[in-house]
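So this block is data.cif, mmCIF, C-alpha atoms:
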```cif
data_final
loop_
_atom_site.label_atom_id
_atom_site.label_comp_id
_atom_site.auth_asym_id
_atom_site.auth_seq_id
_atom_site.Cartn_x
_atom_site.Cartn_y
_atom_site.Cartn_z
CA GLN A 1 0.00 0.00 0.00
CA ALA A 2 1.47 3.35 -1.00
CA PRO A 3 2.16 5.91 1.71
CA GLY A 4 -0.53 8.50 2.18
CA THR A 5 -3.40 6.42 0.75
CA THR A 6 -5.01 5.25 4.03
CA PHE A 7 -6.85 8.49 4.92
CA PRO A 8 -8.35 9.05 1.46
CA ARG A 9 -9.51 5.44 1.35
CA LEU A 10 -11.29 5.82 4.71
CA LEU A 11 -13.06 8.89 3.39
CA GLY A 12 -14.05 6.87 0.36
CA GLN A 13 -15.74 4.29 2.64
CA PRO A 14 -18.58 6.31 4.22
CA SER A 15 -20.60 3.42 5.63
CA VAL A 16 -19.10 3.44 9.15
CA LEU A 17 -18.96 7.23 9.33
CA SER A 18 -22.49 7.64 7.99
CA ALA A 19 -23.84 5.07 10.41
CA SER A 20 -22.12 6.82 13.31
CA LEU A 21 -23.44 10.24 12.31
CA HIS A 22 -26.95 8.83 11.81
CA PHE A 23 -26.87 7.29 15.29
CA ILE A 24 -25.71 10.55 16.85
CA PHE A 25 -28.37 12.69 15.20
CA ALA A 26 -31.11 10.11 15.70
CA SER A 27 -30.29 10.01 19.40
CA MET A 28 -30.53 13.78 19.82
CA PRO A 29 -33.78 14.90 21.52
CA ASP A 30 -36.25 16.80 19.38
CA LYS A 31 -37.57 19.01 22.15
CA GLU A 32 -39.78 21.11 19.90
CA LYS A 33 -41.60 18.10 18.51
CA ALA A 34 -41.80 16.55 21.97
CA ALA A 35 -43.40 19.72 23.33
CA GLU A 36 -46.06 19.55 20.64
CA TYR A 37 -47.03 16.03 21.67
CA LYS A 38 -46.96 16.99 25.33
CA ALA A 39 -49.46 19.79 24.67
CA LYS A 40 -51.74 17.34 22.85
CA GLY A 41 -51.41 14.91 25.73
CA ASN A 42 -52.32 17.57 28.28
CA THR A 43 -55.41 18.48 26.27
CA ALA A 44 -56.48 14.85 26.02
CA PHE A 45 -55.97 14.30 29.74
CA ALA A 46 -58.02 17.36 30.63
CA ALA A 47 -60.79 15.86 28.48
CA LYS A 48 -60.38 12.54 30.39
CA ASP A 49 -59.31 10.78 27.19
CA PHE A 50 -56.53 8.95 28.99
CA GLU A 51 -55.70 6.42 26.30
CA ASP A 52 -55.26 9.15 23.71
CA ALA A 53 -53.18 11.14 26.18
CA ILE A 54 -50.91 8.12 26.70
CA GLN A 55 -50.28 7.93 22.97
CA HIS A 56 -49.28 11.58 22.84
CA PHE A 57 -47.03 11.39 25.90
CA THR A 58 -45.44 8.25 24.49
CA ALA A 59 -44.72 10.12 21.26
CA ALA A 60 -43.21 12.95 23.31
CA ILE A 61 -40.95 10.45 25.08
CA GLU A 62 -39.89 8.97 21.75
CA HIS A 63 -38.72 12.42 20.66
CA ASP A 64 -37.14 13.29 24.01
CA ASN A 65 -36.69 10.64 26.69
CA THR A 66 -34.78 13.00 28.97
CA ASP A 67 -37.78 15.07 30.10
CA HIS A 68 -39.13 13.87 33.44
CA VAL A 69 -42.48 15.63 32.98
CA PHE A 70 -43.45 13.35 30.09
CA PHE A 71 -43.04 10.29 32.30
CA SER A 72 -44.88 12.00 35.15
CA ASN A 73 -47.84 12.84 32.94
CA ARG A 74 -48.02 9.39 31.40
CA SER A 75 -47.83 7.88 34.88
CA ALA A 76 -50.89 9.92 35.83
CA CYS A 77 -52.70 8.63 32.75
CA TYR A 78 -51.93 5.01 33.59
CA ALA A 79 -53.05 5.58 37.18
CA SER A 80 -56.31 7.04 35.93
CA LEU A 81 -56.85 3.81 34.00
CA ALA A 82 -55.87 1.74 37.07
CA GLU A 83 -52.82 0.38 35.24
CA TYR A 84 -50.65 0.81 38.30
CA ASP A 85 -47.71 -1.35 37.21
CA LYS A 86 -47.14 0.95 34.26
CA ALA A 87 -47.83 3.99 36.42
CA LEU A 88 -45.12 2.84 38.82
CA GLU A 89 -42.66 2.24 36.00
CA ASP A 90 -43.12 5.77 34.67
CA GLY A 91 -43.18 7.29 38.16
CA SER A 92 -39.89 5.59 38.97
CA GLU A 93 -38.34 6.82 35.73
CA CYS A 94 -39.54 10.34 36.51
CA VAL A 95 -37.85 10.26 39.92
CA LYS A 96 -34.70 8.80 38.37
CA LEU A 97 -34.52 11.59 35.80
CA LYS A 98 -35.38 14.40 38.24
CA PRO A 99 -34.80 13.31 41.85
CA ASP A 100 -35.22 16.87 43.15
CA TRP A 101 -38.75 17.26 41.71
CA ALA A 102 -41.35 16.57 44.38
CA LYS A 103 -44.25 15.77 42.07
CA GLY A 104 -42.44 12.71 40.75
CA TYR A 105 -42.71 11.16 44.21
CA THR A 106 -46.49 11.64 44.20
CA ARG A 107 -46.67 9.61 40.97
CA LYS A 108 -44.47 6.83 42.28
CA GLY A 109 -46.09 6.77 45.71
CA LEU A 110 -49.61 6.62 44.32
CA ALA A 111 -48.80 3.61 42.13
CA GLU A 112 -47.10 1.83 45.03
CA TYR A 113 -50.11 2.53 47.24
CA PHE A 114 -52.58 0.98 44.80
CA LEU A 115 -50.27 -1.97 44.23
CA ARG A 116 -50.47 -2.45 48.01
CA LYS A 117 -46.75 -1.79 48.37
CA TYR A 118 -47.47 0.30 51.42
CA ASP A 119 -43.94 0.22 52.88
CA ASP A 120 -42.53 1.47 49.59
CA ALA A 121 -45.23 4.12 49.31
CA VAL A 122 -44.44 5.43 52.80
CA ASP A 123 -40.74 5.71 51.92
CA THR A 124 -41.53 7.41 48.61
CA TYR A 125 -43.85 10.00 50.14
CA LYS A 126 -41.31 10.73 52.88
CA ALA A 127 -38.62 11.27 50.26
CA GLY A 128 -40.88 13.71 48.45
CA LEU A 129 -41.71 15.60 51.64
CA LYS A 130 -38.01 16.20 52.22
CA LEU A 131 -38.11 18.28 49.04
CA ALA A 132 -41.51 19.89 49.63
CA PRO A 133 -42.46 19.64 53.33
CA GLU A 134 -45.78 21.46 52.89
CA ASP A 135 -46.99 19.71 49.75
CA PRO A 136 -50.61 18.67 50.48
CA THR A 137 -50.62 15.77 48.01
CA LEU A 138 -47.52 14.22 49.56
CA LYS A 139 -48.90 14.74 53.06
CA GLU A 140 -52.18 13.09 52.19
CA GLY A 141 -50.42 10.23 50.43
CA LEU A 142 -48.12 9.59 53.37
CA GLN A 143 -51.04 9.55 55.80
CA LYS A 144 -53.03 7.10 53.70
CA ALA A 145 -50.02 4.84 53.08
CA THR A 146 -49.09 4.88 56.77
CA ASP A 147 -52.64 4.03 57.83
CA ALA A 148 -52.68 1.17 55.33
CA LYS A 149 -49.28 -0.06 56.47
CA TYR A 150 -50.46 -0.33 60.05
CA GLU A 151 -53.86 -1.71 59.01
CA VAL A 152 -55.96 1.11 60.39
CA PRO A 153 -59.64 0.16 59.88
CA GLY A 154 -60.94 1.53 56.60
CA ALA A 155 -57.46 2.29 55.29
CA GLY A 156 -55.73 0.88 52.25
CA VAL A 157 -56.90 0.21 48.72
CA GLY A 158 -60.69 0.24 48.70
CA GLY A 159 -60.84 2.58 51.65
CA GLY A 160 -60.23 5.76 49.64
CA SER A 161 -57.97 7.20 47.00
CA GLY A 162 -54.27 7.69 47.47
CA GLY A 163 -52.54 11.03 47.13
CA GLY A 164 -51.69 12.41 43.73
CA GLY A 165 -54.15 10.74 41.39
CA GLY A 166 -54.90 13.66 39.09
CA LEU A 167 -52.58 15.18 36.56
CA PHE A 168 -52.51 18.35 38.63
CA GLY A 169 -52.61 16.85 42.11
CA ASN A 170 -53.65 19.12 44.99
CA PHE A 171 -51.92 22.08 43.40
CA ASP A 172 -51.53 25.01 45.77
CA ALA A 173 -49.59 28.25 46.19
CA ALA A 174 -46.60 26.48 47.75
CA SER A 175 -46.37 24.12 44.78
CA LEU A 176 -46.54 27.08 42.42
CA ALA A 177 -43.74 28.87 44.24
CA THR A 178 -41.58 25.77 44.09
CA ALA A 179 -42.25 25.38 40.36
CA ALA A 180 -41.37 29.05 39.74
CA ALA A 181 -38.10 28.71 41.64
CA LYS A 182 -37.01 25.85 39.37
CA ASN A 183 -38.50 27.03 36.06
CA PRO A 184 -37.69 30.54 34.76
CA LYS A 185 -40.60 30.37 32.31
CA ILE A 186 -43.12 29.80 35.12
CA LYS A 187 -41.54 32.62 37.09
CA GLU A 188 -42.03 34.93 34.12
CA TYR A 189 -45.65 33.83 33.72
CA MET A 190 -46.33 34.71 37.35
CA LYS A 191 -45.74 38.38 36.53
CA ASP A 192 -48.98 38.41 34.53
CA PRO A 193 -51.77 39.28 37.04
CA ASN A 194 -54.59 38.17 34.72
CA LEU A 195 -53.00 34.77 34.20
CA MET A 196 -52.39 34.30 37.91
CA GLN A 197 -55.97 35.24 38.71
CA GLN A 198 -57.18 32.41 36.48
CA VAL A 199 -54.63 29.98 37.95
CA THR A 200 -55.76 30.85 41.48
CA MET A 201 -59.36 30.21 40.51
CA MET A 202 -58.40 26.83 39.08
CA MET A 203 -56.59 25.86 42.27
CA GLN A 204 -59.60 26.81 44.40
CA LEU A 205 -61.96 24.86 42.16
CA GLY A 206 -59.74 21.80 42.44
CA GLN A 207 -60.29 21.75 46.19
CA SER A 208 -64.04 22.41 46.15
CA ASN A 209 -65.33 21.15 42.81
CA PRO A 210 -62.93 18.97 40.74
CA ALA A 211 -65.56 18.36 38.05
CA MET A 212 -66.07 22.08 37.55
CA GLN A 213 -62.30 22.53 37.51
CA GLN A 214 -62.01 20.17 34.54
CA GLN A 215 -64.72 22.03 32.66
CA MET A 216 -63.30 25.48 33.38
CA LEU A 217 -59.78 24.32 32.55
CA MET A 218 -60.83 23.15 29.11
CA GLN A 219 -62.34 26.56 28.38
CA ALA A 220 -59.49 28.59 29.86
CA MET A 221 -56.67 26.72 28.15
CA GLN A 222 -58.21 27.41 24.75
CA GLN A 223 -57.86 31.11 25.48
CA ASP A 224 -54.48 30.92 27.19
CA PRO A 225 -52.43 27.68 26.95
CA ARG A 226 -50.04 29.04 29.57
CA ILE A 227 -52.51 28.07 32.28
CA LEU A 228 -51.91 24.38 31.69
CA GLU A 229 -48.14 24.93 31.68
CA VAL A 230 -48.30 26.60 35.09
CA ILE A 231 -50.54 23.95 36.66
CA MET A 232 -48.51 21.11 35.13
#
```

What's the structure tokens form of this structure?
Amino acid sequence: QAPGTTFPRLLGQPSVLSASLHFIFASMPDKEKAAEYKAKGNTAFAAKDFEDAIQHFTAAIEHDNTDHVFFSNRSACYASLAEYDKALEDGSECVKLKPDWAKGYTRKGLAEYFLRKYDDAVDTYKAGLKLAPEDPTLKEGLQKATDAKYEVPGAGVGGGSGGGGGLFGNFDAASLATAAAKNPKIKEYMKDPNLMQQVTMMMQLGQSNPAMQQQMLMQAMQQDPRILEVIM
């Protein structure tokens, strides 16, 4: 082989290089496309079309499997369909991807509770409360899991829902402040008084009339999609 011919020959054999480049680009998250599917999933969930929402969140994950929120939302969908094994799988992945995000522990804990893994649920809710000590969903979940663990009469699966079943959970002002501290976009949204007035109304409805909250949310998000982003 003549000197100086190796490098040109490698360039003339693009199969390995092309395959490597294709793998690299194919593995890169498409966050814009993923966000589109997430928005569709949120809309479907708000309409209680959980199976459709799962398809959209799955598509979002296929385009970007690094976003913990996609797994959190899909976990909520599976829980709403009582598919708790899958809900636990997604809740666990959410916590793995974002261990400092309290809501992930509500997803994981809820699935463990309904799978009657009460010891695990107690540990999960406690871990979440270390991050958000005043979170009402985590508090409620821990209480229910603890009661079930110690076989308090009426406790456990069949004796009431666990904490964190809805996509939004028991969203309150403390949760909003925590979200704003970790997400600059949410912090910017909070500067809009009209938006925050609507968000506050949604939070209050969630505590007093969940059915009305769903109906009002569907109407409000058509006018201002930011509402769903804040609550999510």

Report as CSV the residues of region 77-105 of chain A within 12 Å of region 38-49 of chain A, each with its shortest atom pair and distance in Å (one decimal), using only C-alpha atoms, ordered by chain and increasing residue number.
```
residue,atom,partner,partner_atom,distance
A:Cys77,CA,A:Phe45,CA,7.2
A:Tyr78,CA,A:Phe45,CA,10.8
A:Ala79,CA,A:Phe45,CA,11.8
A:Ser80,CA,A:Lys48,CA,8.8
A:Leu81,CA,A:Asp49,CA,10.1
```

Report, in Å with one decimal, the straight-line distance from CA of Thr66 (chain A) to CA of Met202 (chain A).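 For CA of Thr66 (chain A) relative to CA of Met202 (chain A), the distance reads 29.2 Å.
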
Assuming the chain letters and numbering stay as they are in my file, what does the PyMOL selection byres ((chain A and resi 118) around 9) actually select? List them as a PDB file with C-alpha atoms, in the coordinates of the input.
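And here is the file that came out, selection.pdb:
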```pdb
ATOM      1  CA  GLY A 109     -46.090   6.770  45.710  1.00  0.00           C
ATOM      2  CA  GLU A 112     -47.100   1.830  45.030  1.00  0.00           C
ATOM      3  CA  TYR A 113     -50.110   2.530  47.240  1.00  0.00           C
ATOM      4  CA  PHE A 114     -52.580   0.980  44.800  1.00  0.00           C
ATOM      5  CA  LEU A 115     -50.270  -1.970  44.230  1.00  0.00           C
ATOM      6  CA  ARG A 116     -50.470  -2.450  48.010  1.00  0.00           C
ATOM      7  CA  LYS A 117     -46.750  -1.790  48.370  1.00  0.00           C
ATOM      8  CA  ASP A 119     -43.940   0.220  52.880  1.00  0.00           C
ATOM      9  CA  ASP A 120     -42.530   1.470  49.590  1.00  0.00           C
ATOM     10  CA  ALA A 121     -45.230   4.120  49.310  1.00  0.00           C
ATOM     11  CA  VAL A 122     -44.440   5.430  52.800  1.00  0.00           C
ATOM     12  CA  ASP A 123     -40.740   5.710  51.920  1.00  0.00           C
ATOM     13  CA  ALA A 145     -50.020   4.840  53.080  1.00  0.00           C
ATOM     14  CA  THR A 146     -49.090   4.880  56.770  1.00  0.00           C
ATOM     15  CA  ALA A 148     -52.680   1.170  55.330  1.00  0.00           C
ATOM     16  CA  LYS A 149     -49.280  -0.060  56.470  1.00  0.00           C
ATOM     17  CA  GLY A 156     -55.730   0.880  52.250  1.00  0.00           C
TER      18      GLY A 156
END
```

If you apply the PyMOL selection byres ((chain A and resi 125) around 10) to this file, what residues do you get, as number ranges by chain? A: 102-110, 120-124, 126-130, 137-143, 145-146, 163

May I have the residues within 8 Å of Leu195 (chain A) as a list in words, using all atoms listed in the file and disregarding those fewer than 6 positions away in the same chain?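 Contacts, with the query itself left out: Tyr189, Arg226 and Ile227 of chain A.
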
Do you have the CA of Lys31 (chain A)-CA of Glu93 (chain A) distance handy?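 Separating CA of Lys31 (chain A) from CA of Glu93 (chain A) is a distance of 18.3 Å.
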
Closest of A:Ala220, A:Pro184, A:Val95, A:Glu151 to Gln197 (chain A) - atom-to-atom distances counting all atoms listed in the file: A:Ala220

Taking 2 positions as the minimum chain separation for residues in the same chain, which residues sit within 10 Å of Thr58 (chain A) when counting all atoms listed in the file? Answer as an mmCIF file with C-alpha atoms, in the coordinates of the input.
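Dumped everything to part15.cif:
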```cif
data_model
loop_
_atom_site.group_PDB
_atom_site.id
_atom_site.type_symbol
_atom_site.label_atom_id
_atom_site.label_comp_id
_atom_site.auth_asym_id
_atom_site.auth_seq_id
_atom_site.Cartn_x
_atom_site.Cartn_y
_atom_site.Cartn_z
ATOM 1 C CA ALA A 34 -41.800 16.550 21.970
ATOM 2 C CA TYR A 37 -47.030 16.030 21.670
ATOM 3 C CA LYS A 38 -46.960 16.990 25.330
ATOM 4 C CA GLY A 41 -51.410 14.910 25.730
ATOM 5 C CA ASP A 52 -55.260 9.150 23.710
ATOM 6 C CA ALA A 53 -53.180 11.140 26.180
ATOM 7 C CA ILE A 54 -50.910 8.120 26.700
ATOM 8 C CA GLN A 55 -50.280 7.930 22.970
ATOM 9 C CA HIS A 56 -49.280 11.580 22.840
ATOM 10 C CA ALA A 60 -43.210 12.950 23.310
ATOM 11 C CA ILE A 61 -40.950 10.450 25.080
ATOM 12 C CA GLU A 62 -39.890 8.970 21.750
ATOM 13 C CA HIS A 63 -38.720 12.420 20.660
ATOM 14 C CA ASP A 64 -37.140 13.290 24.010
ATOM 15 C CA ASN A 65 -36.690 10.640 26.690
ATOM 16 C CA PHE A 70 -43.450 13.350 30.090
ATOM 17 C CA PHE A 71 -43.040 10.290 32.300
ATOM 18 C CA ASN A 73 -47.840 12.840 32.940
ATOM 19 C CA ARG A 74 -48.020 9.390 31.400
#
```

Interatomic distance (Å, one decimal) between CA of His68 (chain A) and CA of Asp90 (chain A):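 Distance reported for this atom pair: 9.1 Å.
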
Restricting the calculation to all atoms listed in the file, which member of A:Val69, A:Met196, A:Met201, A:Ala59 is positioned closest to Gly91 (chain A)? A:Val69

Taking every listed atom of region 33-45 of chain A and adding 5 Å to each side, what centre and edge lengths in Å (one decimal) does the axis-aligned box have, as AutoDock Vina command-line options?
```
--center_x -49.0 --center_y 17.0 --center_z 24.1 --size_x 24.9 --size_y 15.5 --size_z 21.2
```

Measuring between all atoms listed in the file, which one of A:Glu51, A:Glu32, A:Asp67, A:Asp100 shows the shortest distance to Ala82 (chain A)?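 The shortest atom-to-atom distance to Ala82 (chain A) comes from A:Glu51.
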